[in-house]
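Everything on this sheet refers to the single structure shown next.
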Amino acid sequence: MRIHFKQEEALQLLHHYPAYEAHRSEHQYFIEQLDKLKSETKTHGVSTHHVVETNDLLLKWLLNHISKVDIELGKFLKAAPP
Ligand SMILES: [Fe+2]
C-alpha cells in the first residue's frame, strides 16, 4: 500500500496534477488511521471495535477514495501528454 501510494504520488508530481496535495493528504490520513488501528491491536489485542473500525475505514476508502479520487486521477493521467 505504501509503495502504491508513493508511485501514485510520483505520477501526480510528474504530470503536475493540480489536486496533488489533497490526494496525498488522503493517503497520509489513511495510513495514519491504519497505523493507529494496528498499534491499538498490538497493545490491547483485537476487539470487535477494531474489526468494525477497520471495516468502516476500508469501506469509506473504497467508496470515497478509490471510486472517486483515484478515478479522477486516472482520467487526468489518461488525458495527459506522455
Ligand atoms: Fe490515491
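Chain lettering (A, B, ...) mirrors the order of the C-alpha cells, residue numbering begins at 1 for each chain separately, and ligand numbering begins at 1 in order of display.
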Taking the DSSP assignment computed from this structure's backbone, write out as a ChimeraX atom specification all residues of chain A that belong to alpha helix (DSSP H). /A:2-14,20-44,48-60,70-79
Find the residues near ligand 1. Use a cut-off of 9 Å, count only C-alpha atoms and all ligand atoms, and write them as a PyMOL selection string. chain A and resi 4-5+8-9+23-24+26-27+65-66+69-71+73
For C-alpha atoms, I'd like the residues from the last selection saved as a compact mmCIF listing (two decimals), in the first residue's frame.
# COMPACT_ATOMS: atom_id res chain seq x y z
CA HIS A 4 1.46 2.02 -4.33
CA PHE A 5 0.73 5.41 -2.76
CA GLU A 8 0.65 7.20 -7.45
CA GLU A 9 2.01 10.41 -5.91
CA HIS A 23 -4.75 13.48 -2.81
CA ARG A 24 -1.53 12.99 -0.88
CA GLU A 26 -5.91 11.45 1.88
CA HIS A 27 -3.19 8.81 1.50
CA HIS A 65 -11.03 7.48 -2.48
CA ILE A 66 -10.70 4.58 -4.93
CA VAL A 69 -10.49 10.44 -6.13
CA ASP A 70 -8.42 7.76 -7.89
CA ILE A 71 -10.86 7.65 -10.79
CA LEU A 73 -6.68 10.95 -11.22
Return the single residue from A:Ser47, A:Gly74, A:Leu14, A:Gln28 that is closest to Arg2 of chain A, with distances computed using only C-alpha atoms.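 Of all the options, A:Gln28 lies closest to Arg2 of chain A.
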Nearest residue to Lys38 of chain A out of A:His50, A:Ala10, A:Leu57, A:Ala19, using only C-alpha atoms? A:His50
So how far away is atom CA of Lys68 of chain A from atom CA of Tyr17 of chain A, in Å? 15.3 Å
If you measure from atom CA of Leu13 of chain A to atom CA of Glu72 of chain A, what distance in Å do you get, rounded to one decimal? 15.1 Å
What does the distance between atom CA of Ala80 of chain A and atom CA of Ser25 of chain A come to in Å, to one decimal place? 22.4 Å
